[in-house]
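K.L.:
A single structure is presented below for examination.
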Amino acid sequence: MPESRPAYYVTTPIYYVNDRPHIGHAYCTILADVLRRYHSMFGCETFFLTGVDEHGQKVEEAAKKRGLTPQQHCDEMQAHFRDLWPTLDISNDDFIRTTEPRHERVVKQALQQLFDSGDIYKGEYEGFYSQRVEKFFTEDELIDGKCPETGGEVQRIVEANYFFRMSRYQQRLIDHINANPDFIRPESRKNEVLGFLRKPLQDLCISRPKSRLSWGIELPFDSDYVTYVWFDALLNYVSVIGLFHDDPRFRKWWAVSTHLIGKDILTTHSVYWTTMLFALGLDMPRHIIAHGWWLVDNTKMSKSLGNVINPLAMRDKYGVDSLRYFLMREMVVGLDSDFSEESFLKRHNFELANDLGNLANRLVGFAAKQMGGVIPAPGTGSGHAADAEVMAMAAELPARVRGHVESLRVETAIETVMNFVRRLNRYVAETEPFKVIKTDPAAAGGAVYIALEGLRIALNLLWPVMPKKVENLLGALGGNSVVGYFDDLKWGGLVPGTALNLPEPPFPRFELPEFETRPAEAPAKADKAVADRANAAGGAKAEKAAGSQPSDGSSGAVASEHATFDDFLKIKLLVGTVLTAEPVPGSDKLLKLSVDLGEPAPRQIVAGIGDRFPVEKVPGSQVTVVANLKPRKVFGIMSEGMILAATDENGLSLIAPSGTPRKPGTRVG
Ligand code: MSP
């Protein structure tokens, strides 16, 4: 590695200690961990920060409900987060609590600096106070002049407070966003922020009088007030790395900082935080990346609905590696995803148990029986043309994975490796070492070596996602360990003659609900299964699930030969660009696509083209999308449209604009 290595600093939001960690917190922290591990394999020096947000009204209220002081409450609750992370193989370098003196000191110094420079001033805050929920609302937030949460009376209150001159930095912020297109990602979130900035920015009230809220950092210039929780919390990203007390360390990490956040805290990070940094004379973070939400049955998780997913329970049931794999593989960073145990089990069984686990099992089992339990000599390979193909794929895999990770397509990076694993399975089927051993043991050994070496490379590339499992599996392959850097991942790392030792299947299968256990089922049948399930649940939903998309809305009436012009106009056909495509586990035919239709977020479309159109050719293609079909589930996955294709005995073509590509969302008609 070069003397001076590039650096990478990744942060998660600091979580409120008003509640226990749920799957959303675990997701973001695992994502940070995975990105950190990949970057260290790319050769970067890395720093990874997470922690807890301990001040503010929410925490004060939670403590009060439990009959504890806020400090007692925080001391107890922070442990739920701090202790969870090692059990999910999170490798954070530091864990910040905002009640720690090292943080409070920096917050006070930042406040004083802004007060001295005139960026913080005293003014009058006007708000509408709801006694019942003990909260302030602005006039805009009220509904018919009443509390938006309870419908109860509100009291107009004018209160002296301190304000941060956020408005002063509006244009500078707009300019920075425009000049740095990948500053806020994904693109749709950047546009959301620019949209927000079209209206004049107000100054931000950054204090709370102690008479109303005492749980916070006291203002250094007025002991009657504490600091607004967001102003305090955001500074954690710089207090930990040395702002005001260790300048070289601060500069080193701040220049390479990436904030991972959920979409709901986009404004606080992209507007409050950035303008605070401008005012303090500091640089912008390098990236702000907003991920989507984990939903349950397409609904927000909430305590009152009782649908909050507990990461501990999932880990205990299925193991930490499967949990990490599922969270990283299932969600496209930036989009919402539905969390269901069914899709979890499908991913586990089809991808980890079948594709990856079986490959390892079969090869090691075979070598144990027929090759003395050691890695065979590569010799001149299997003599099959596929040798060169597999080796060429392996050679270019690290760069492809790196490209996807750097553009935040973690799910595509994983899929790229898993496609290679599937190729290895086919390779074993093609070269048939199990048969060939009888006539040409050297060729059989060559085939097994190539498959095992391919597996070693795939496992290394999956280490950031499933560190423990990969370390164990590599150990089983002749005592191998994870390579430090992608650059060292060269063909030929396995040493012939070293012992293979895999005492049990690495990913035991879990029982699937009955209707999910027919992997090769035709989509029509799968739809029927979905419909049956809905029928069993009773009600009209069953019909919706069963209805096949093209005939939706025809209500079974005898079709007239002519569609009227009005009929045609009802159908909204749009040009789309496919962003990603991946096989639907358990189906040979279905692909799950994400398609850009020029809308704020891409559409998810399930298309039955996978058996006749190579999946790797789909991303980047333009397609024609029937965009106003009622969304429906196909193979248990929500599909929000249909793509048009023409099929004859020679294959399948996607219907797309000819010549120059058209803008996503262009109307066809
Ligand atoms: N304390 C603030 C953050 C301060 S950062 C300087 C906060 N805390 S939080 O605990 O309420 O939320 C933390 C993160 O969890 C947010 O990024 C939020 O988007 C994320 N999630 C909360 N529910 C979620 C899901 N259902 N799915 C994914 N992440 C979600 O906000």
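Each chain in the structure tokens gets a letter, A, B and so on, in the order shown; residues start at 1 in every chain, and ligands are counted from 1 in the order they appear.
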Give the residues close to ligand 1, within 7 Å, counting only C-alpha atoms and all ligand atoms; write them as a list in words.

P.N.:
Pro13, Ile14, Tyr15, Tyr16, Ile23, Gly24, His25, Tyr27, Cys28, Asp53, Trp230, Ala233, Leu234, Asn236, Ile261, Gly262, Lys263, Asp264, Ile265, Gly292, Trp293, Trp294, Leu295, Lys300 and Met301 of chain A

K.L.:
Report the residues of region 104-186 of chain A whose backbone DSSP state falls under alpha helix (DSSP H), written as a list in words.

P.N.:
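Assigned to alpha helix (DSSP H), within region 104-186 of chain A: Glu104, Arg105, Val106, Val107, Lys108, Gln109, Ala110, Leu111, Gln112, Gln113, Leu114, Phe115, Asp116, Gln170, Gln171, Arg172, Leu173, Ile174, Asp175, His176, Ile177, Asn178 and Ala179 of chain A.
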
K.L.:
Have a look at A:Pro70, A:Lys572, A:His80, A:Leu591 and name the one nearest to Leu312 (chain A); count only C-alpha atoms.

P.N.:
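Closest to Leu312 (chain A), using only C-alpha atoms: A:His80.
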
K.L.:
Enter the distance from CA of Arg400 (chain A) to CA of Tyr8 (chain A), in Å, rounded to one decimal.

P.N.:
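Atom-to-atom, CA of Arg400 (chain A) and CA of Tyr8 (chain A) are spaced 19.6 Å apart.
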
K.L.:
Using only C-alpha atoms, I'd like a table of the residues in region 352-381 of chain A that come within 9 Å of region 415-421 of chain A; for each, show the closest atom pair and its distance in Å rounded to one decimal, ordered by chain and ascending number, as a tab-separated table.

P.N.:
residue	atom	partner	partner_atom	distance
A:Asp355	CA	A:Val421	CA	6.6
A:Leu356	CA	A:Val421	CA	6.4
A:Leu359	CA	A:Val421	CA	8.0

K.L.:
For those residues, write all heavy atoms to a file as a PDB file, in the first residue's frame.

P.N.:
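The resulting result-v7.pdb:
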ATOM      1  N   ASP A 355     -27.179 -21.089  -3.073  1.00  0.00           N
ATOM      2  CA  ASP A 355     -26.124 -20.679  -4.007  1.00  0.00           C
ATOM      3  C   ASP A 355     -24.738 -20.741  -3.366  1.00  0.00           C
ATOM      4  O   ASP A 355     -23.832 -21.370  -3.895  1.00  0.00           O
ATOM      5  CB  ASP A 355     -26.390 -19.258  -4.520  1.00  0.00           C
ATOM      6  CG  ASP A 355     -27.669 -19.188  -5.354  1.00  0.00           C
ATOM      7  OD1 ASP A 355     -28.088 -20.242  -5.868  1.00  0.00           O
ATOM      8  OD2 ASP A 355     -28.250 -18.096  -5.484  1.00  0.00           O
ATOM      9  N   LEU A 356     -24.609 -20.079  -2.215  1.00  0.00           N
ATOM     10  CA  LEU A 356     -23.275 -19.966  -1.622  1.00  0.00           C
ATOM     11  C   LEU A 356     -22.930 -21.187  -0.759  1.00  0.00           C
ATOM     12  O   LEU A 356     -21.887 -21.815  -0.936  1.00  0.00           O
ATOM     13  CB  LEU A 356     -23.220 -18.680  -0.781  1.00  0.00           C
ATOM     14  CG  LEU A 356     -21.875 -18.294  -0.210  1.00  0.00           C
ATOM     15  CD1 LEU A 356     -20.862 -18.065  -1.330  1.00  0.00           C
ATOM     16  CD2 LEU A 356     -21.990 -17.007   0.617  1.00  0.00           C
ATOM     17  N   LEU A 359     -22.448 -24.543  -2.641  1.00  0.00           N
ATOM     18  CA  LEU A 359     -21.214 -24.590  -3.432  1.00  0.00           C
ATOM     19  C   LEU A 359     -20.062 -25.027  -2.522  1.00  0.00           C
ATOM     20  O   LEU A 359     -19.309 -25.954  -2.845  1.00  0.00           O
ATOM     21  CB  LEU A 359     -20.928 -23.218  -4.048  1.00  0.00           C
ATOM     22  CG  LEU A 359     -19.656 -23.130  -4.889  1.00  0.00           C
ATOM     23  CD1 LEU A 359     -19.781 -23.971  -6.165  1.00  0.00           C
ATOM     24  CD2 LEU A 359     -19.343 -21.682  -5.264  1.00  0.00           C
TER      25      LEU A 359
END

K.L.:
Identify, on the basis of only C-alpha atoms, every residue whose closest approach to Arg37 (chain A) does not exceed 10 Å; exclude the query and any residue fewer than 5 positions from it along the same chain; express the result as a list of chain:residue names.

P.N.:
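So, after excluding close chain neighbours, the residues are A:Leu31, A:Ala32, A:Phe42, A:Cys44, A:Thr46, A:Phe48, A:Ile90, A:Ser91, A:Trp463, A:Pro464, A:Val465, A:Pro467, A:Gly484.
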
K.L.:
Output all heavy atoms for every residue in that selection, as a compact mmCIF listing (two decimals), in the first residue's frame.

P.N.:
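Below is the file out_28.txt, written as the result:
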# COMPACT_ATOMS: atom_id res chain seq x y z
N LEU A 31 -25.01 -0.44 7.49
CA LEU A 31 -24.59 0.15 6.21
C LEU A 31 -23.27 0.91 6.40
O LEU A 31 -22.33 0.78 5.59
CB LEU A 31 -25.68 1.08 5.68
CG LEU A 31 -25.36 1.82 4.38
CD1 LEU A 31 -25.12 0.84 3.23
CD2 LEU A 31 -26.50 2.78 4.00
N ALA A 32 -23.18 1.68 7.48
CA ALA A 32 -21.94 2.42 7.74
C ALA A 32 -20.79 1.44 7.93
O ALA A 32 -19.68 1.65 7.41
CB ALA A 32 -22.11 3.30 8.98
N PHE A 42 -10.39 -1.10 0.13
CA PHE A 42 -9.93 -0.33 -1.05
C PHE A 42 -8.57 0.34 -0.76
O PHE A 42 -8.01 1.00 -1.62
CB PHE A 42 -10.92 0.79 -1.41
CG PHE A 42 -12.30 0.33 -1.77
CD1 PHE A 42 -13.39 1.20 -1.68
CD2 PHE A 42 -12.55 -0.97 -2.19
CE1 PHE A 42 -14.68 0.79 -2.00
CE2 PHE A 42 -13.83 -1.40 -2.51
CZ PHE A 42 -14.89 -0.51 -2.42
N CYS A 44 -8.13 2.45 2.07
CA CYS A 44 -8.29 3.70 2.82
C CYS A 44 -8.04 3.48 4.31
O CYS A 44 -8.34 2.42 4.85
CB CYS A 44 -9.71 4.26 2.70
SG CYS A 44 -10.21 4.69 1.06
N THR A 46 -9.58 4.41 7.73
CA THR A 46 -11.00 4.72 7.94
C THR A 46 -11.29 5.11 9.39
O THR A 46 -10.59 4.71 10.31
CB THR A 46 -11.89 3.51 7.59
OG1 THR A 46 -11.45 2.40 8.37
CG2 THR A 46 -11.80 3.16 6.12
N PHE A 48 -14.97 5.49 11.82
CA PHE A 48 -16.42 5.24 11.80
C PHE A 48 -16.98 5.64 13.16
O PHE A 48 -16.58 5.13 14.18
CB PHE A 48 -16.61 3.75 11.48
CG PHE A 48 -17.98 3.16 11.72
CD1 PHE A 48 -19.13 3.95 11.89
CD2 PHE A 48 -18.14 1.79 11.75
CE1 PHE A 48 -20.38 3.38 12.10
CE2 PHE A 48 -19.38 1.20 11.95
CZ PHE A 48 -20.50 2.01 12.15
N ILE A 90 -20.55 -4.69 14.38
CA ILE A 90 -20.30 -3.30 14.01
C ILE A 90 -18.92 -2.90 14.55
O ILE A 90 -18.62 -3.15 15.72
CB ILE A 90 -21.37 -2.37 14.66
CG1 ILE A 90 -22.77 -2.77 14.18
CG2 ILE A 90 -21.06 -0.91 14.42
CD1 ILE A 90 -23.04 -2.60 12.73
N SER A 91 -18.12 -2.27 13.67
CA SER A 91 -16.72 -2.01 14.05
C SER A 91 -16.46 -0.52 14.25
O SER A 91 -15.48 0.01 13.75
CB SER A 91 -15.81 -2.54 12.94
OG SER A 91 -16.10 -1.83 11.74
N TRP A 463 -16.84 -10.12 2.48
CA TRP A 463 -16.43 -9.97 3.89
C TRP A 463 -17.06 -8.75 4.57
O TRP A 463 -17.57 -8.86 5.68
CB TRP A 463 -14.90 -9.94 4.00
CG TRP A 463 -14.43 -9.65 5.39
CD1 TRP A 463 -14.43 -10.51 6.44
CD2 TRP A 463 -13.94 -8.40 5.89
NE1 TRP A 463 -13.94 -9.88 7.56
CE2 TRP A 463 -13.64 -8.58 7.25
CE3 TRP A 463 -13.72 -7.13 5.31
CZ2 TRP A 463 -13.12 -7.55 8.05
CZ3 TRP A 463 -13.20 -6.12 6.11
CH2 TRP A 463 -12.91 -6.34 7.46
N PRO A 464 -17.09 -7.59 3.91
CA PRO A 464 -17.68 -6.44 4.60
C PRO A 464 -19.14 -6.67 4.99
O PRO A 464 -19.61 -6.11 5.98
CB PRO A 464 -17.59 -5.32 3.55
CG PRO A 464 -16.42 -5.71 2.71
CD PRO A 464 -16.52 -7.21 2.59
N VAL A 465 -19.83 -7.51 4.26
CA VAL A 465 -21.25 -7.73 4.53
C VAL A 465 -21.43 -8.79 5.63
O VAL A 465 -22.28 -8.63 6.52
CB VAL A 465 -21.98 -8.18 3.23
CG1 VAL A 465 -23.46 -8.38 3.48
CG2 VAL A 465 -21.73 -7.18 2.12
N PRO A 467 -18.85 -10.43 7.91
CA PRO A 467 -17.45 -10.67 8.30
C PRO A 467 -17.21 -12.01 9.00
O PRO A 467 -16.29 -12.73 8.62
CB PRO A 467 -17.12 -9.48 9.21
CG PRO A 467 -18.38 -8.75 9.45
CD PRO A 467 -19.39 -9.17 8.45
N GLY A 484 -6.26 -8.21 3.07
CA GLY A 484 -6.47 -6.84 3.58
C GLY A 484 -7.05 -5.93 2.52
O GLY A 484 -7.91 -5.10 2.81

K.L.:
For a quick check of understanding, using only C-alpha atoms, which of A:Leu477, A:Ile375, A:Val133, A:Ile241 has the smallest distance to Pro148 (chain A)?

P.N.:
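With only C-alpha atoms as the atom set, the closest residue is A:Val133.
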
K.L.:
Would you please extract all strand (DSSP E) residues from region 148-295 of chain A, as assigned by DSSP on the backbone, and give them as a PyMOL selection string?

P.N.:
chain A and resi 155-164+184-185+204-205+207-209+218-219+222-227+257-262+287-291+294-295

K.L.:
Go ahead and write the selection's residues with N, CA, C and O atoms as a short mmCIF file (atom, residue, chain, number, x, y, z; two decimals), in the first residue's frame.

P.N.:
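Wrote it out as out_25.cif, contents follow:
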data_model
loop_
_atom_site.label_atom_id
_atom_site.label_comp_id
_atom_site.auth_asym_id
_atom_site.auth_seq_id
_atom_site.Cartn_x
_atom_site.Cartn_y
_atom_site.Cartn_z
N GLN A 155 -52.09 27.95 22.82
CA GLN A 155 -51.91 29.27 23.40
C GLN A 155 -50.81 29.99 22.62
O GLN A 155 -49.74 29.41 22.41
N ARG A 156 -51.06 31.22 22.18
CA ARG A 156 -50.01 31.96 21.47
C ARG A 156 -49.00 32.44 22.51
O ARG A 156 -49.37 33.07 23.49
N ILE A 157 -47.74 32.12 22.28
CA ILE A 157 -46.72 32.51 23.25
C ILE A 157 -45.63 33.29 22.55
O ILE A 157 -45.17 32.91 21.47
N VAL A 158 -45.25 34.38 23.14
CA VAL A 158 -44.10 35.12 22.63
C VAL A 158 -43.03 35.00 23.69
O VAL A 158 -43.28 35.26 24.87
N GLU A 159 -41.85 34.56 23.26
CA GLU A 159 -40.82 34.22 24.23
C GLU A 159 -39.48 34.74 23.72
O GLU A 159 -39.20 34.61 22.53
N ALA A 160 -38.67 35.30 24.57
CA ALA A 160 -37.34 35.74 24.14
C ALA A 160 -36.47 34.51 23.95
O ALA A 160 -36.51 33.59 24.77
N ASN A 161 -35.74 34.47 22.86
CA ASN A 161 -34.89 33.33 22.55
C ASN A 161 -33.70 33.77 21.73
O ASN A 161 -33.66 34.90 21.23
N TYR A 162 -32.77 32.84 21.52
CA TYR A 162 -31.62 33.14 20.67
C TYR A 162 -31.81 32.48 19.31
O TYR A 162 -32.33 31.37 19.22
N PHE A 163 -31.36 33.22 18.29
CA PHE A 163 -31.54 32.76 16.91
C PHE A 163 -30.20 32.68 16.19
O PHE A 163 -29.32 33.51 16.42
N PHE A 164 -30.12 31.70 15.31
CA PHE A 164 -28.94 31.56 14.44
C PHE A 164 -29.31 32.13 13.07
O PHE A 164 -30.35 31.79 12.50
N ILE A 184 -25.24 15.84 -2.02
CA ILE A 184 -26.41 15.22 -1.39
C ILE A 184 -26.88 14.11 -2.32
O ILE A 184 -27.15 14.34 -3.49
N ARG A 185 -26.94 12.90 -1.79
CA ARG A 185 -27.33 11.77 -2.63
C ARG A 185 -28.47 11.03 -1.97
O ARG A 185 -28.54 11.01 -0.74
N LEU A 204 -32.92 30.35 12.63
CA LEU A 204 -33.27 29.16 13.42
C LEU A 204 -33.19 29.47 14.92
O LEU A 204 -32.18 30.00 15.39
N CYS A 205 -34.28 29.15 15.62
CA CYS A 205 -34.29 29.37 17.07
C CYS A 205 -33.43 28.28 17.72
O CYS A 205 -33.73 27.09 17.59
N SER A 207 -32.31 28.18 21.06
CA SER A 207 -32.28 28.09 22.53
C SER A 207 -33.65 27.68 23.06
O SER A 207 -34.66 27.76 22.35
N ARG A 208 -33.66 27.22 24.28
CA ARG A 208 -34.91 26.95 25.00
C ARG A 208 -34.75 27.51 26.40
O ARG A 208 -33.72 27.23 27.05
N PRO A 209 -35.73 28.30 26.88
CA PRO A 209 -35.59 28.81 28.24
C PRO A 209 -35.65 27.66 29.25
O PRO A 209 -36.45 26.74 29.09
N GLU A 218 -26.14 24.24 28.56
CA GLU A 218 -26.40 25.64 28.89
C GLU A 218 -25.68 26.57 27.89
O GLU A 218 -24.54 26.30 27.51
N LEU A 219 -26.37 27.65 27.49
CA LEU A 219 -25.72 28.61 26.59
C LEU A 219 -24.57 29.29 27.35
O LEU A 219 -24.78 29.72 28.49
N ASP A 222 -25.65 32.89 28.30
CA ASP A 222 -26.89 33.21 29.03
C ASP A 222 -27.35 31.96 29.78
O ASP A 222 -27.91 31.01 29.20
N SER A 223 -27.16 31.98 31.09
CA SER A 223 -27.41 30.76 31.88
C SER A 223 -28.90 30.48 32.09
O SER A 223 -29.26 29.49 32.72
N ASP A 224 -29.77 31.32 31.55
CA ASP A 224 -31.20 31.03 31.66
C ASP A 224 -31.68 30.10 30.54
O ASP A 224 -32.86 29.73 30.49
N TYR A 225 -30.77 29.77 29.63
CA TYR A 225 -31.19 29.00 28.46
C TYR A 225 -30.34 27.75 28.25
O TYR A 225 -29.16 27.75 28.61
N VAL A 226 -30.96 26.75 27.63
CA VAL A 226 -30.17 25.61 27.13
C VAL A 226 -30.23 25.59 25.60
O VAL A 226 -31.08 26.25 24.99
N THR A 227 -29.34 24.81 25.00
CA THR A 227 -29.22 24.77 23.53
C THR A 227 -30.29 23.86 22.93
O THR A 227 -30.55 22.77 23.47
N SER A 257 -15.45 13.26 4.90
CA SER A 257 -16.58 12.81 5.72
C SER A 257 -17.81 12.45 4.90
O SER A 257 -18.15 13.15 3.94
N THR A 258 -18.46 11.38 5.28
CA THR A 258 -19.73 10.96 4.68
C THR A 258 -20.74 10.79 5.80
O THR A 258 -20.51 10.00 6.72
N HIS A 259 -21.85 11.53 5.73
CA HIS A 259 -22.92 11.34 6.71
C HIS A 259 -23.98 10.42 6.12
O HIS A 259 -24.54 10.73 5.07
N LEU A 260 -24.27 9.34 6.81
CA LEU A 260 -25.43 8.52 6.43
C LEU A 260 -26.59 8.95 7.31
O LEU A 260 -26.44 9.01 8.54
N ILE A 261 -27.72 9.20 6.70
CA ILE A 261 -28.89 9.64 7.47
C ILE A 261 -30.15 9.02 6.87
O ILE A 261 -30.14 8.57 5.72
N GLY A 262 -31.25 9.05 7.62
CA GLY A 262 -32.53 8.65 7.06
C GLY A 262 -33.18 9.84 6.38
O GLY A 262 -32.84 11.00 6.67
N HIS A 287 -20.04 14.15 1.69
CA HIS A 287 -21.31 13.62 1.19
C HIS A 287 -22.35 13.57 2.30
O HIS A 287 -22.02 13.24 3.45
N ILE A 288 -23.59 13.81 1.92
CA ILE A 288 -24.73 13.53 2.81
C ILE A 288 -25.59 12.52 2.05
O ILE A 288 -26.04 12.81 0.94
N ILE A 289 -25.75 11.36 2.63
CA ILE A 289 -26.46 10.29 1.92
C ILE A 289 -27.72 9.91 2.68
O ILE A 289 -27.63 9.49 3.84
N ALA A 290 -28.84 10.09 2.04
CA ALA A 290 -30.10 9.82 2.74
C ALA A 290 -30.67 8.48 2.27
O ALA A 290 -30.89 8.28 1.07
N HIS A 291 -30.87 7.59 3.21
CA HIS A 291 -31.48 6.30 2.85
C HIS A 291 -32.97 6.33 3.12
O HIS A 291 -33.48 7.24 3.80
N TRP A 294 -37.33 1.42 6.30
CA TRP A 294 -37.86 0.06 6.35
C TRP A 294 -39.32 0.15 6.77
O TRP A 294 -39.64 0.77 7.80
N LEU A 295 -40.17 -0.44 5.95
CA LEU A 295 -41.60 -0.44 6.24
C LEU A 295 -42.01 -1.88 6.57
O LEU A 295 -41.28 -2.81 6.28
#

K.L.:
Could you tell me how far CA of Pro376 (chain A) sits from CA of Glu504 (chain A), in Å to one decimal place?

P.N.:
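Between CA of Glu504 (chain A) and CA of Pro376 (chain A) the gap is 20.8 Å.
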
K.L.:
Using only C-alpha atoms, determine which residues lie at most 10 Å from Thr274 (chain A), disregarding the query and same-chain residues fewer than 5 positions distant; provide the list as JSON, numbers by chain.

P.N.:
{"A": [166, 169, 170, 172, 173, 176, 234, 267, 268, 269, 279, 280, 282, 283, 284, 285]}

K.L.:
Write out, as a short mmCIF file (atom, residue, chain, number, x, y, z; two decimals), in the first residue's frame, the residues just selected, with N, CA, C and O atoms.

P.N.:
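Result file is again05.cif:
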data_model
loop_
_atom_site.label_atom_id
_atom_site.label_comp_id
_atom_site.auth_asym_id
_atom_site.auth_seq_id
_atom_site.Cartn_x
_atom_site.Cartn_y
_atom_site.Cartn_z
N MET A 166 -29.44 31.76 10.01
CA MET A 166 -29.36 30.75 8.95
C MET A 166 -29.60 31.40 7.57
O MET A 166 -28.99 31.01 6.58
N TYR A 169 -26.93 32.43 4.96
CA TYR A 169 -26.11 31.47 4.20
C TYR A 169 -26.88 30.73 3.11
O TYR A 169 -26.37 29.79 2.52
N GLN A 170 -28.09 31.17 2.88
CA GLN A 170 -28.94 30.45 1.92
C GLN A 170 -28.30 30.35 0.53
O GLN A 170 -28.20 29.27 -0.04
N ARG A 172 -25.23 30.78 -0.44
CA ARG A 172 -23.97 30.02 -0.45
C ARG A 172 -24.25 28.52 -0.47
O ARG A 172 -23.57 27.75 -1.16
N LEU A 173 -25.28 28.13 0.26
CA LEU A 173 -25.64 26.72 0.30
C LEU A 173 -26.15 26.25 -1.07
O LEU A 173 -25.73 25.20 -1.57
N HIS A 176 -23.29 25.83 -3.33
CA HIS A 176 -22.46 24.64 -3.04
C HIS A 176 -23.14 23.37 -3.56
O HIS A 176 -22.48 22.50 -4.14
N LEU A 234 -25.84 17.92 16.08
CA LEU A 234 -25.11 17.90 14.81
C LEU A 234 -23.61 18.10 15.00
O LEU A 234 -22.79 17.56 14.25
N THR A 267 -33.43 17.70 6.10
CA THR A 267 -33.35 19.16 6.23
C THR A 267 -32.40 19.56 7.35
O THR A 267 -31.59 20.48 7.18
N THR A 268 -32.48 18.87 8.47
CA THR A 268 -31.59 19.24 9.57
C THR A 268 -30.12 19.10 9.15
O THR A 268 -29.29 19.91 9.53
N HIS A 269 -29.83 18.07 8.35
CA HIS A 269 -28.45 17.89 7.93
C HIS A 269 -28.06 18.78 6.75
O HIS A 269 -26.98 19.34 6.72
N ALA A 279 -21.13 29.27 8.92
CA ALA A 279 -20.98 30.33 9.91
C ALA A 279 -19.73 30.13 10.76
O ALA A 279 -19.08 31.09 11.16
N LEU A 280 -19.40 28.87 11.01
CA LEU A 280 -18.21 28.58 11.83
C LEU A 280 -16.92 28.65 11.01
O LEU A 280 -15.83 28.44 11.54
N LEU A 282 -16.14 26.59 8.56
CA LEU A 282 -15.65 25.23 8.30
C LEU A 282 -16.14 24.75 6.94
O LEU A 282 -17.13 25.26 6.40
N ASP A 283 -15.44 23.73 6.42
CA ASP A 283 -15.84 23.16 5.12
C ASP A 283 -17.11 22.32 5.27
O ASP A 283 -17.45 21.87 6.36
N MET A 284 -17.70 22.05 4.11
CA MET A 284 -18.86 21.16 4.07
C MET A 284 -18.40 19.71 4.25
O MET A 284 -17.27 19.38 3.88
N PRO A 285 -19.28 18.84 4.77
CA PRO A 285 -18.93 17.41 4.70
C PRO A 285 -18.85 17.02 3.22
O PRO A 285 -19.39 17.72 2.37
#

K.L.:
If we count only C-alpha atoms and set the cut-off at 10 Å, which residues sit around Gly242 (chain A), ignoring sequence neighbours fewer than 4 positions away in its own chain? Please answer as a ChimeraX atom specification.

P.N.:
/A:102-103,106,237-238,246-254

K.L.:
For the selection just defined, write its residues with N, CA, C and O atoms to a file, as a compact mmCIF listing (two decimals), in the first residue's frame.

P.N.:
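Dumped everything to out_2.txt:
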# COMPACT_ATOMS: atom_id res chain seq x y z
N ARG A 102 -16.38 16.08 26.52
CA ARG A 102 -15.61 16.36 25.29
C ARG A 102 -16.51 16.94 24.20
O ARG A 102 -16.07 17.67 23.33
N HIS A 103 -17.80 16.62 24.25
CA HIS A 103 -18.74 17.15 23.27
C HIS A 103 -19.30 18.51 23.74
O HIS A 103 -19.33 19.47 22.98
N VAL A 106 -17.16 21.53 23.06
CA VAL A 106 -17.11 22.00 21.67
C VAL A 106 -18.41 22.75 21.33
O VAL A 106 -18.38 23.78 20.66
N TYR A 237 -20.46 15.35 15.00
CA TYR A 237 -19.63 14.86 13.89
C TYR A 237 -18.24 15.50 13.88
O TYR A 237 -17.31 14.95 13.31
N VAL A 238 -18.15 16.70 14.47
CA VAL A 238 -16.84 17.37 14.49
C VAL A 238 -16.21 17.38 15.88
O VAL A 238 -15.00 17.46 16.01
N ASP A 246 -7.73 19.60 18.27
CA ASP A 246 -6.71 18.80 17.59
C ASP A 246 -6.89 19.04 16.09
O ASP A 246 -7.52 18.25 15.38
N ASP A 247 -6.32 20.16 15.66
CA ASP A 247 -6.59 20.60 14.30
C ASP A 247 -6.14 19.62 13.21
O ASP A 247 -6.92 19.33 12.30
N PRO A 248 -4.93 19.06 13.28
CA PRO A 248 -4.52 18.12 12.21
C PRO A 248 -5.48 16.94 12.11
O PRO A 248 -5.86 16.52 11.02
N ARG A 249 -5.90 16.43 13.27
CA ARG A 249 -6.80 15.28 13.25
C ARG A 249 -8.15 15.69 12.66
O ARG A 249 -8.74 14.99 11.83
N PHE A 250 -8.62 16.84 13.10
CA PHE A 250 -9.90 17.32 12.59
C PHE A 250 -9.84 17.47 11.07
O PHE A 250 -10.71 16.98 10.36
N ARG A 251 -8.83 18.13 10.56
CA ARG A 251 -8.74 18.38 9.10
C ARG A 251 -8.68 17.08 8.31
O ARG A 251 -9.30 16.94 7.27
N LYS A 252 -7.90 16.15 8.85
CA LYS A 252 -7.71 14.87 8.14
C LYS A 252 -9.06 14.18 7.91
O LYS A 252 -9.37 13.75 6.81
N TRP A 253 -9.87 14.08 8.95
CA TRP A 253 -11.10 13.32 8.81
C TRP A 253 -12.22 14.14 8.20
O TRP A 253 -13.04 13.63 7.45
N TRP A 254 -12.26 15.42 8.52
CA TRP A 254 -13.40 16.21 8.06
C TRP A 254 -13.42 16.33 6.53
O TRP A 254 -14.47 16.34 5.89
